[in-house]
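As provided, query-v8.cif (mmCIF, C-alpha atoms and all ligand atoms) reads as follows.
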data_coords
loop_
_atom_site.label_atom_id
_atom_site.label_comp_id
_atom_site.auth_asym_id
_atom_site.auth_seq_id
_atom_site.Cartn_x
_atom_site.Cartn_y
_atom_site.Cartn_z
CA MET P 1 0.00 0.00 0.00
CA MET P 2 1.33 3.38 -0.99
CA ARG P 3 2.01 5.55 2.01
CA ASP P 4 0.66 9.05 2.43
CA CYS P 5 3.16 11.85 2.89
CA GLU P 6 2.58 13.89 6.02
CA ASN P 7 2.86 17.17 4.15
CA GLY P 8 -0.82 17.83 3.46
CA GLU P 9 -0.16 21.10 1.71
CA ILE P 10 2.06 19.46 -0.89
CA ARG P 11 -0.35 16.57 -1.35
CA ASP P 12 -3.11 19.05 -2.00
CA LEU P 13 -1.03 20.71 -4.70
CA LEU P 14 0.08 17.51 -6.44
CA PRO P 15 -3.01 17.17 -8.69
CA LEU P 16 -2.70 20.81 -9.71
CA TYR P 17 0.97 20.22 -10.40
CA ALA P 18 0.07 17.18 -12.51
CA ALA P 19 -2.56 19.19 -14.39
CA GLY P 20 -0.22 22.11 -14.89
CA THR P 21 -2.48 24.63 -13.19
CA VAL P 22 -0.27 25.25 -10.17
CA SER P 23 1.23 28.72 -9.74
CA GLN P 24 4.90 29.23 -10.49
CA ALA P 25 5.77 29.75 -6.84
CA ASP P 26 3.91 26.58 -5.82
CA ARG P 27 5.48 24.67 -8.67
CA ALA P 28 8.94 25.39 -7.32
CA THR P 29 7.84 24.34 -3.82
CA VAL P 30 6.36 21.09 -5.11
CA GLU P 31 9.43 20.25 -7.16
CA ALA P 32 11.75 20.91 -4.25
CA HIS P 33 9.66 18.57 -2.11
CA LEU P 34 9.33 15.89 -4.79
CA SER P 35 13.08 15.55 -5.14
CA GLY P 36 13.29 14.26 -1.58
CA CYS P 37 9.95 12.49 -1.04
CA ALA P 38 9.35 9.06 -2.54
CA ASP P 39 5.76 8.95 -1.25
CA CYS P 40 4.79 12.10 -3.11
CA ALA P 41 6.71 10.97 -6.18
CA SER P 42 4.68 7.76 -6.37
CA GLU P 43 1.46 9.63 -5.65
CA LEU P 44 2.30 11.90 -8.57
CA GLU P 45 2.76 8.80 -10.75
CA LEU P 46 -0.68 7.65 -9.72
CA LEU P 47 -2.12 11.06 -10.62
CA ASP P 48 -0.42 10.99 -14.01
CA ALA P 49 -1.88 7.55 -14.63
CA ALA P 50 -5.33 8.84 -13.66
CA ARG P 51 -4.94 11.64 -16.17
CA ARG P 52 -4.00 9.18 -18.90
CA ALA P 53 -6.97 7.04 -17.86
CA TYR P 54 -9.43 9.83 -18.67
CA PRO P 55 -8.44 11.21 -22.04
CA ALA P 56 -10.73 13.72 -23.66
CA PRO P 57 -12.78 12.19 -26.46
CA ALA P 58 -11.92 13.58 -29.85
CA VAL P 59 -14.16 16.52 -30.63
CA GLU P 60 -13.87 18.65 -33.74
CA LEU P 61 -13.74 21.98 -31.96
CA GLY P 62 -13.68 23.97 -35.19
CA ALA P 63 -16.88 22.32 -36.33
CA VAL P 64 -18.46 22.78 -32.90
CA ALA P 65 -17.50 26.44 -32.95
CA ARG P 66 -19.08 26.94 -36.37
CA ARG P 67 -22.31 25.24 -35.36
CA VAL P 68 -22.40 27.21 -32.12
CA ALA P 69 -21.97 30.41 -34.09
CA MET P 70 -24.83 29.46 -36.38
CA ALA P 71 -27.08 28.38 -33.58
CA SER P 72 -26.39 31.43 -31.49
CA GLN P 73 -27.90 34.74 -32.25
CA VAL P 74 -24.58 36.40 -32.50
CA ARG P 75 -24.21 40.13 -32.60
CA SER P 76 -21.45 39.84 -35.04
CA SER P 77 -19.70 41.65 -37.83
CA LYS P 78 -19.97 38.45 -39.82
CA PRO P 79 -23.59 37.36 -39.48
CA TYR P 80 -24.55 33.70 -39.46
CA TYR P 81 -26.13 33.95 -42.89
CA ARG P 82 -22.85 34.89 -44.47
CA GLN P 83 -21.30 31.70 -43.23
CA PRO P 84 -20.79 28.72 -45.52
CA LEU P 85 -23.21 26.26 -43.95
CA TRP P 86 -25.98 28.78 -43.81
CA ARG P 87 -25.40 29.65 -47.43
CA ALA P 88 -25.58 26.00 -48.34
CA ALA P 89 -28.88 25.66 -46.48
CA ALA P 90 -30.25 28.80 -48.11
CA SER P 91 -29.20 27.62 -51.56
CA ILE P 92 -30.88 24.27 -51.10
CA THR P 93 -34.03 25.98 -49.89
CA LEU P 94 -34.02 28.40 -52.75
CA PHE P 95 -33.33 25.72 -55.27
CA ILE P 96 -36.30 23.65 -54.23
CA VAL P 97 -38.67 26.53 -53.59
CA GLY P 98 -37.50 28.28 -56.71
CA ALA P 99 -38.09 25.22 -58.84
CA ALA P 100 -41.61 24.94 -57.48
CA GLY P 101 -42.05 28.61 -58.23
CA VAL P 102 -41.42 28.02 -61.90
CA VAL P 103 -44.16 25.45 -62.01
CA ILE P 104 -46.59 27.75 -60.31
CA ALA P 105 -45.63 30.66 -62.48
CA ARG P 106 -46.23 28.66 -65.61
CA GLN P 107 -49.53 27.37 -64.34
CA ALA P 108 -50.65 30.86 -63.40
CA GLY P 109 -49.42 32.37 -66.64
CA GLU P 110 -47.45 34.98 -64.79
CA VAL P 111 -44.11 34.40 -66.37
CA GLY P 112 -44.59 37.73 -68.10
CA SER P 113 -41.34 39.50 -68.57
CA GLY P 114 -39.56 36.19 -68.33
CA ALA P 115 -40.70 35.30 -71.84
CA GLY P 116 -38.36 35.50 -74.78
CA GLY P 117 -35.20 34.29 -73.12
CA GLN P 118 -35.14 37.01 -70.46
CA ALA P 119 -34.53 35.97 -66.91
CA LEU P 120 -37.23 36.37 -64.33
CA VAL P 121 -35.88 37.75 -61.09
CA GLN P 122 -37.66 36.95 -57.90
CA PRO P 123 -36.78 38.55 -54.62
CA LEU P 124 -37.48 36.49 -51.61
CA ASP P 125 -36.74 36.19 -47.99
CA SER P 126 -36.51 32.77 -46.57
CA VAL P 127 -36.45 32.13 -42.91
CA ILE P 128 -35.49 29.03 -41.09
CA ARG P 129 -37.50 29.32 -37.92
CA ASP P 130 -36.10 26.41 -36.02
CA SER P 131 -34.20 23.21 -36.49
CA ALA P 132 -37.35 21.14 -36.78
CA GLY P 133 -39.12 22.90 -39.57
CA ILE P 134 -38.95 25.75 -41.96
CA GLY P 135 -41.12 28.59 -43.03
CA VAL P 136 -40.77 30.64 -46.15
CA VAL P 137 -41.68 34.26 -46.05
CA GLY P 138 -42.75 36.03 -49.18
CA PRO P 139 -40.90 38.79 -50.98
CA ALA P 140 -40.04 41.82 -48.94
CA ASP P 141 -41.24 44.23 -51.64
CA VAL P 142 -43.58 42.32 -53.88
CA SER P 143 -45.34 45.45 -55.04
CA THR P 144 -42.30 46.84 -56.79
CA GLN P 145 -41.16 43.76 -58.60
CA ARG P 146 -42.81 41.26 -60.82
CA GLY P 147 -42.55 37.72 -59.73
CA VAL P 148 -44.22 34.85 -58.04
CA SER P 149 -45.25 35.08 -54.43
CA LEU P 150 -43.45 32.21 -52.82
CA GLY P 151 -45.42 32.22 -49.59
CA PRO P 152 -47.88 29.47 -50.47
CA SER P 153 -45.56 27.57 -52.75
CA LEU P 154 -44.19 25.41 -50.00
CA ALA P 155 -47.57 23.77 -49.77
CA ASP P 156 -47.20 22.74 -53.39
CA LEU P 157 -43.97 20.87 -52.87
CA SER P 158 -44.23 17.13 -53.15
CA ASP P 159 -43.77 15.07 -50.01
CA ALA P 160 -40.42 13.91 -51.31
CA GLN P 161 -39.27 17.47 -51.87
CA ILE P 162 -40.30 18.51 -48.39
CA GLU P 163 -38.57 15.46 -46.95
CA ALA P 164 -35.41 16.38 -48.77
CA LEU P 165 -35.63 19.96 -47.62
CA LEU P 166 -36.20 19.05 -43.99
CA ALA P 167 -33.48 16.43 -44.08
CA SER P 168 -31.00 18.92 -45.43
CA LEU P 169 -31.91 21.38 -42.72
CA ASP P 170 -31.96 18.84 -39.90
CA GLY P 171 -28.57 17.69 -41.01
CA LEU P 172 -27.26 21.18 -40.53
CA ASP P 173 -28.78 21.50 -37.09
CA VAL P 174 -29.40 25.16 -37.56
CA THR P 175 -31.27 27.32 -35.14
CA VAL P 176 -31.68 30.83 -36.39
CA ARG P 177 -33.80 33.62 -35.08
CA ALA P 178 -32.50 36.76 -36.69
CA GLU P 179 -33.69 38.52 -39.80
CA PRO P 180 -32.40 36.94 -42.98
CA ASP P 181 -30.58 38.59 -45.79
CA THR P 182 -32.34 39.20 -49.09
CA PHE P 183 -31.72 36.78 -51.90
CA ALA P 184 -32.82 36.94 -55.48
CA VAL P 185 -33.61 33.81 -57.40
CA VAL P 186 -32.87 33.98 -61.07
CA ILE P 187 -34.97 31.58 -63.04
CA VAL P 188 -33.98 31.10 -66.63
CA PRO P 189 -36.78 29.88 -68.90
CA ASP P 190 -34.93 26.71 -69.82
CA GLY P 191 -35.49 25.57 -66.26
CA GLY P 192 -32.08 26.45 -64.82
CA VAL P 193 -32.09 28.09 -61.43
CA GLY P 194 -29.41 30.32 -59.98
CA THR P 195 -29.13 32.60 -57.03
CA ALA P 196 -27.79 36.07 -56.70
CA ARG P 197 -27.14 38.19 -53.69
CA GLY P 198 -29.58 40.98 -53.03
CA ASN P 199 -28.04 44.42 -52.87
CA ARG P 200 -27.95 46.00 -49.50
CA MET L 201 -6.08 31.74 -6.74
CA THR L 202 -3.06 30.53 -8.65
CA ASP L 203 -1.23 32.77 -11.11
CA ASP L 204 -2.47 30.70 -14.02
CA ALA L 205 -6.04 30.87 -12.81
CA GLY L 206 -5.74 34.65 -12.65
CA THR L 207 -4.34 34.79 -16.17
CA ASN L 208 -6.99 32.46 -17.51
CA ARG L 209 -9.72 34.49 -15.90
CA ALA L 210 -8.35 37.65 -17.47
CA ILE L 211 -8.18 36.03 -20.91
CA ASP L 212 -11.75 34.73 -20.60
CA ALA L 213 -12.99 38.10 -19.41
CA GLU L 214 -11.44 39.77 -22.43
CA LEU L 215 -12.89 37.19 -24.81
CA ILE L 216 -16.33 37.68 -23.31
CA GLN L 217 -16.07 41.44 -23.79
CA ARG L 218 -14.97 40.99 -27.38
CA TRP L 219 -17.75 38.54 -28.06
CA LYS L 220 -20.34 40.90 -26.59
CA ALA L 221 -18.96 43.60 -28.87
CA GLY L 222 -19.69 41.38 -31.86
CA ASP L 223 -16.38 39.66 -32.47
CA GLN L 224 -17.28 36.19 -33.67
CA ARG L 225 -13.69 35.02 -33.39
CA ALA L 226 -13.89 35.53 -29.64
CA ALA L 227 -16.68 32.94 -29.44
CA THR L 228 -14.57 30.54 -31.47
CA ALA L 229 -11.63 31.15 -29.17
CA ILE L 230 -13.80 30.42 -26.13
CA VAL L 231 -14.93 27.14 -27.70
CA GLU L 232 -11.35 26.20 -28.44
CA ARG L 233 -10.14 27.10 -24.96
CA HIS L 234 -12.75 25.10 -23.09
CA GLY L 235 -14.21 22.54 -25.49
CA THR L 236 -11.74 19.75 -24.80
CA ALA L 237 -12.11 19.96 -21.02
CA LEU L 238 -15.90 19.95 -21.40
CA ALA L 239 -15.71 16.90 -23.65
CA ARG L 240 -13.63 15.05 -21.08
CA PHE L 241 -15.99 16.08 -18.30
CA ALA L 242 -18.94 14.78 -20.33
CA ALA L 243 -17.15 11.49 -20.98
CA SER L 244 -16.12 11.02 -17.36
CA SER L 245 -19.70 11.79 -16.35
CA GLY L 246 -20.74 8.69 -18.25
CA VAL L 247 -21.74 10.21 -21.58
CA ARG L 248 -20.77 7.80 -24.33
CA GLU L 249 -22.55 9.10 -27.38
CA GLY L 250 -23.14 12.58 -28.62
CA VAL L 251 -20.36 14.29 -26.68
CA ASP L 252 -20.00 16.79 -29.54
CA GLU L 253 -23.68 17.68 -29.33
CA LEU L 254 -23.51 18.15 -25.58
CA VAL L 255 -20.46 20.37 -25.80
CA GLN L 256 -22.13 22.33 -28.57
CA ALA L 257 -25.36 22.68 -26.60
CA THR L 258 -23.36 23.88 -23.60
CA PHE L 259 -21.81 26.72 -25.57
CA VAL L 260 -25.07 27.63 -27.26
CA ARG L 261 -26.77 27.88 -23.90
CA ALA L 262 -23.85 29.79 -22.44
CA PHE L 263 -23.72 32.31 -25.27
CA HIS L 264 -27.46 32.85 -25.11
CA SER L 265 -27.26 33.71 -21.43
CA LEU L 266 -23.83 35.27 -21.27
CA ASP L 267 -25.36 38.39 -19.79
CA SER L 268 -26.28 36.36 -16.73
CA PHE L 269 -22.70 35.17 -16.29
CA ARG L 270 -21.22 36.75 -13.22
CA ALA L 271 -17.49 37.19 -13.02
CA ASP L 272 -17.37 35.90 -9.46
CA SER L 273 -17.19 32.39 -10.87
CA THR L 274 -14.83 31.44 -13.65
CA LEU L 275 -16.09 30.95 -17.18
CA ARG L 276 -14.83 27.38 -17.05
CA THR L 277 -16.80 26.68 -13.87
CA TRP L 278 -19.91 28.18 -15.37
CA LEU L 279 -19.56 26.12 -18.56
CA PHE L 280 -19.02 22.94 -16.54
CA THR L 281 -22.13 23.72 -14.53
CA ILE L 282 -24.19 24.14 -17.69
CA LEU L 283 -22.83 20.92 -19.16
CA LYS L 284 -23.58 19.06 -15.96
CA ARG L 285 -27.18 20.28 -16.05
CA LEU L 286 -27.49 19.08 -19.65
CA VAL L 287 -26.00 15.68 -18.78
CA LEU L 288 -28.45 15.26 -15.92
CA ASP L 289 -31.37 16.33 -18.10
CA ARG L 290 -30.35 13.86 -20.75
CA ARG L 291 -29.88 11.05 -18.26
CA ARG L 292 -33.29 11.76 -16.75
CA ALA L 293 -34.87 11.67 -20.19
CA GLU L 294 -33.10 8.42 -21.05
CA ARG L 295 -34.17 6.87 -17.79
CA ARG L 296 -37.74 7.92 -18.38
CA GLN L 297 -37.56 6.47 -21.85
CA ALA L 298 -36.02 3.22 -20.67
CA GLY L 299 -38.35 3.08 -17.69
CA ALA L 300 -35.45 1.66 -15.76
CA THR L 301 -33.29 2.67 -12.84
CA GLU L 302 -30.21 0.80 -13.95
CA LEU L 303 -28.60 3.72 -15.76
CA GLU L 304 -27.15 5.11 -12.56
CA GLU L 305 -25.39 1.80 -12.04
CA THR L 306 -24.31 1.18 -15.59
CA HIS L 307 -22.61 4.52 -16.05
CA ALA L 308 -20.39 3.72 -13.07
CA VAL L 309 -19.27 0.50 -14.69
CA ASP L 310 -16.90 0.71 -17.59
CA GLU L 311 -16.74 -0.71 -21.01
CA TYR L 312 -13.08 -1.62 -21.06
CA GLY L 313 -13.14 -2.87 -24.61
CA ALA L 314 -13.55 0.52 -26.21
CA LEU L 315 -11.07 2.10 -23.84
CA ASP L 316 -8.33 -0.40 -24.52
CA GLN L 317 -7.73 1.41 -27.76
CA MET L 318 -7.44 4.81 -26.15
CA ILE L 319 -5.50 4.00 -22.99
CA ALA L 320 -2.27 2.36 -23.90
CA ASP L 321 -0.83 1.44 -20.55
CA GLU L 322 -1.85 -1.06 -17.94
CA THR L 323 -1.22 1.26 -14.98
CA ALA L 324 -3.72 3.77 -16.32
CA MET L 325 -6.28 1.02 -16.82
CA ARG L 326 -5.84 -0.20 -13.25
CA VAL L 327 -6.16 3.33 -11.88
CA ARG L 328 -9.25 3.84 -13.98
CA GLY L 329 -10.73 0.66 -12.55
CA ALA L 330 -10.15 2.01 -9.05
CA VAL L 331 -11.54 5.46 -9.86
CA GLN L 332 -14.68 3.96 -11.38
CA GLN L 333 -15.41 2.21 -8.10
CA LEU L 334 -15.49 5.48 -6.15
CA LEU L 335 -18.76 6.96 -5.02
CA PRO L 336 -20.08 9.22 -7.81
CA LEU L 337 -19.48 12.47 -5.91
CA GLN L 338 -15.98 11.39 -4.85
CA ARG L 339 -15.16 10.44 -8.40
CA GLU L 340 -16.44 13.71 -9.78
CA VAL L 341 -14.44 15.78 -7.30
CA PHE L 342 -11.32 13.67 -7.83
CA LEU L 343 -11.45 13.98 -11.61
CA LEU L 344 -12.14 17.71 -11.61
CA ARG L 345 -9.11 18.13 -9.38
CA VAL L 346 -6.84 15.74 -11.26
CA THR L 347 -7.76 16.04 -14.93
CA ASP L 348 -8.70 19.73 -14.90
CA GLY L 349 -6.57 20.96 -12.03
CA MET L 350 -9.51 22.88 -10.59
CA ALA L 351 -9.33 24.82 -7.34
CA TYR L 352 -11.59 23.46 -4.61
CA SER L 353 -13.66 26.63 -4.86
CA GLU L 354 -14.37 25.86 -8.54
CA ILE L 355 -15.12 22.21 -7.84
CA ALA L 356 -17.50 23.24 -5.08
CA THR L 357 -19.45 25.35 -7.56
CA VAL L 358 -19.64 22.57 -10.15
CA VAL L 359 -20.72 19.82 -7.76
CA GLY L 360 -22.83 22.07 -5.55
CA SER L 361 -20.91 21.63 -2.33
CA THR L 362 -18.40 23.48 -0.16
CA GLU L 363 -14.65 23.83 -0.56
CA GLY L 364 -14.01 22.00 2.69
CA ALA L 365 -16.25 19.09 1.74
CA CYS L 366 -14.58 18.86 -1.65
CA ARG L 367 -11.13 18.69 -0.07
CA VAL L 368 -12.34 15.84 2.13
CA HIS L 369 -13.87 14.06 -0.88
CA TYR L 370 -10.62 14.37 -2.79
CA HIS L 371 -8.50 12.88 -0.03
CA ASN L 372 -11.00 10.11 0.67
CA ALA L 373 -10.98 9.31 -3.03
CA MET L 374 -7.19 9.16 -3.07
CA ARG L 375 -7.11 6.86 -0.05
CA SER L 376 -9.72 4.62 -1.58
CA ILE L 377 -7.86 4.40 -4.89
CA LYS L 378 -4.61 3.48 -3.14
CA GLU L 379 -6.43 0.75 -1.21
CA LYS L 380 -7.95 -0.67 -4.40
CA LEU L 381 -4.60 -0.67 -6.14
CA SER L 382 -2.88 -2.45 -3.27
CA ASP L 383 -5.72 -5.02 -3.21
CA ASP L 384 -5.07 -5.63 -6.89
CA ALA L 385 -1.36 -6.09 -6.45
ZN ZN C 401 5.81 14.19 0.34
#

Let's see the structure in the file written out as structure tokens.
Amino acid sequence: MMRDCENGEIRDLLPLYAAGTVSQADRATVEAHLSGCADCASELELLDAARRAYPAPAVELGAVARRVAMASQVRSSKPYYRQPLWRAAASITLFIVGAAGVVIARQAGEVGSGAGGQALVQPLDSVIRDSAGIGVVGPADVSTQRGVSLGPSLADLSDAQIEALLASLDGLDVTVRAEPDTFAVVIVPDGGVGTARGNR
Amino acid sequence: MTDDAGTNRAIDAELIQRWKAGDQRAATAIVERHGTALARFAASSGVREGVDELVQATFVRAFHSLDSFRADSTLRTWLFTILKRLVLDRRRAERRQAGATELEETHAVDEYGALDQMIADETAMRVRGAVQQLLPLQREVFLLRVTDGMAYSEIATVVGSTEGACRVHYHNAMRSIKEKLSDDA
């Protein structure tokens, strides 16, 4: 059985010494004592073994930090929606919603200025309300621009499309509460869909 | 307070100020400073799956309520306290789901198989075996002291006890571990 040193003060400092959180003054004291005390030296070995016995599991701190930033409502010079994952989520949303918009537009005969090879530009704000579901908010200034109101279009998505949309969002584990940026969806008559940043 | 603790507190305080002023990099720096220790605390508290999510949830909760953080405790202590709450919530939910009371027991027992890969040496495995047999509170105090080098005042905050009681728990834990190891030998 390992014996206990009678110097309680040193024994109290040993774990901090092992962890490297001891002050410089205490470190010198501990080291001076350790050089002449076999009991404390073997207790320190035990402490080192205990530290090796509880390694930290591997965690991708960079990824955690990014997700925390996205999930937090950060008062930041670089808002969450300018960050890569958010952009990916927004693009996926816009792609699916935008594609549905084309269908609606054609059905409603509102393609208007989009005819003849010209692109139809739709402004829209999309909001991810929480990690479990999404809501799409209509254009911020519908009255000034021609286009398709995207508000109700989500209801027209097929089940498979909604599944895909939700899966993509769940996978990102995004929780966002702030106001979104403005995006414009450019729909080319041949069915291609692109996105462009709204001017601010 | 040790010199290092004072320095760490000053660094954290500055990072918090920068984060409040809108510097996103400060939040990242906070995650990088404390994430590993939180992950280890989660693992030693018996969390086996979803450590990333718990660590992430801890920071999210912390950043949402940073205004309520008072500088009389350290940021690390506060984060550990939040993580501990989340671990307990999760365990309670799991227990409710399982409808069983065995979780408290099973998280004290170890799955050596998975750990064999991580812990190379036999001595560490034997010490771990002894630590796992400690009473839960003793084990928690011991590990906060040994793996994180926490002051008793910090440990007291995390486990909800007093400094004096934590010192007693630590030394009882050490005695108990030595006894177990000599029984083994
Ligand atoms: Zn000694």

(message) ligand ZN 401 (chain C): which residues are within 6 Å, counting all atoms listed in the file? Reply as a ChimeraX atom specification.
(response) /P:5,7,37,39-40

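Non-sequential neighbours of L:Gly235 (distance at most 9 Å, separation of 3 or more positions within a chain, only C-alpha atoms) are Val59, Leu61 and Val64 of chain P; Ile230, Val231, Glu232, Leu238, Ala239, Arg240, Val255, Gln256 and Phe259 of chain L.
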
(request) Grab the atom CA of L:Thr274 to atom CA of L:Arg345 distance for me, in Å with one decimal place. (result) 15.1 Å

(request) Mind checking which residues fall within 12 Å of P:Ala50, counting all atoms listed in the file, ignoring those fewer than 3 positions away in the same chain, and posting them as number ranges by chain? (result) P: 15, 18-19, 43-47, 53-55; L: 244, 319, 321-332, 339, 342-348, 374, 377-378

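Distances from P:Ile10, P:Ala38, P:Ala25, P:Leu16 to chain L were compared using all atoms listed in the file, and the smallest one belongs to P:Leu16.
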
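Using all atoms listed in the file, the shortest contact distance between chain P and any of L:Arg209, L:Arg290, L:His264, L:Lys284 is found at L:His264.
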
Mind giving me the axis-aligned box for stretch 237-240 of chain L with 6 Å on every side, centre plus edges in Å to one decimal, as lines of an AutoDock Vina configuration file?
center_x = -14.0
center_y = 17.5
center_z = -22.3
size_x = 15.8
size_y = 16.9
size_z = 14.6

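Distances from P:Leu34, P:Ala56, P:Leu14, P:Ala69 to chain L were compared using all atoms listed in the file, and the smallest one belongs to P:Ala56.
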
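The interatomic distance for the pair atom CA of P:Arg67 and atom CA of L:Val260 works out to 8.9 Å.
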
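Rounded to one decimal, atom CA of L:Thr207 and atom CA of P:Asp48 lie 24.2 Å from each other.
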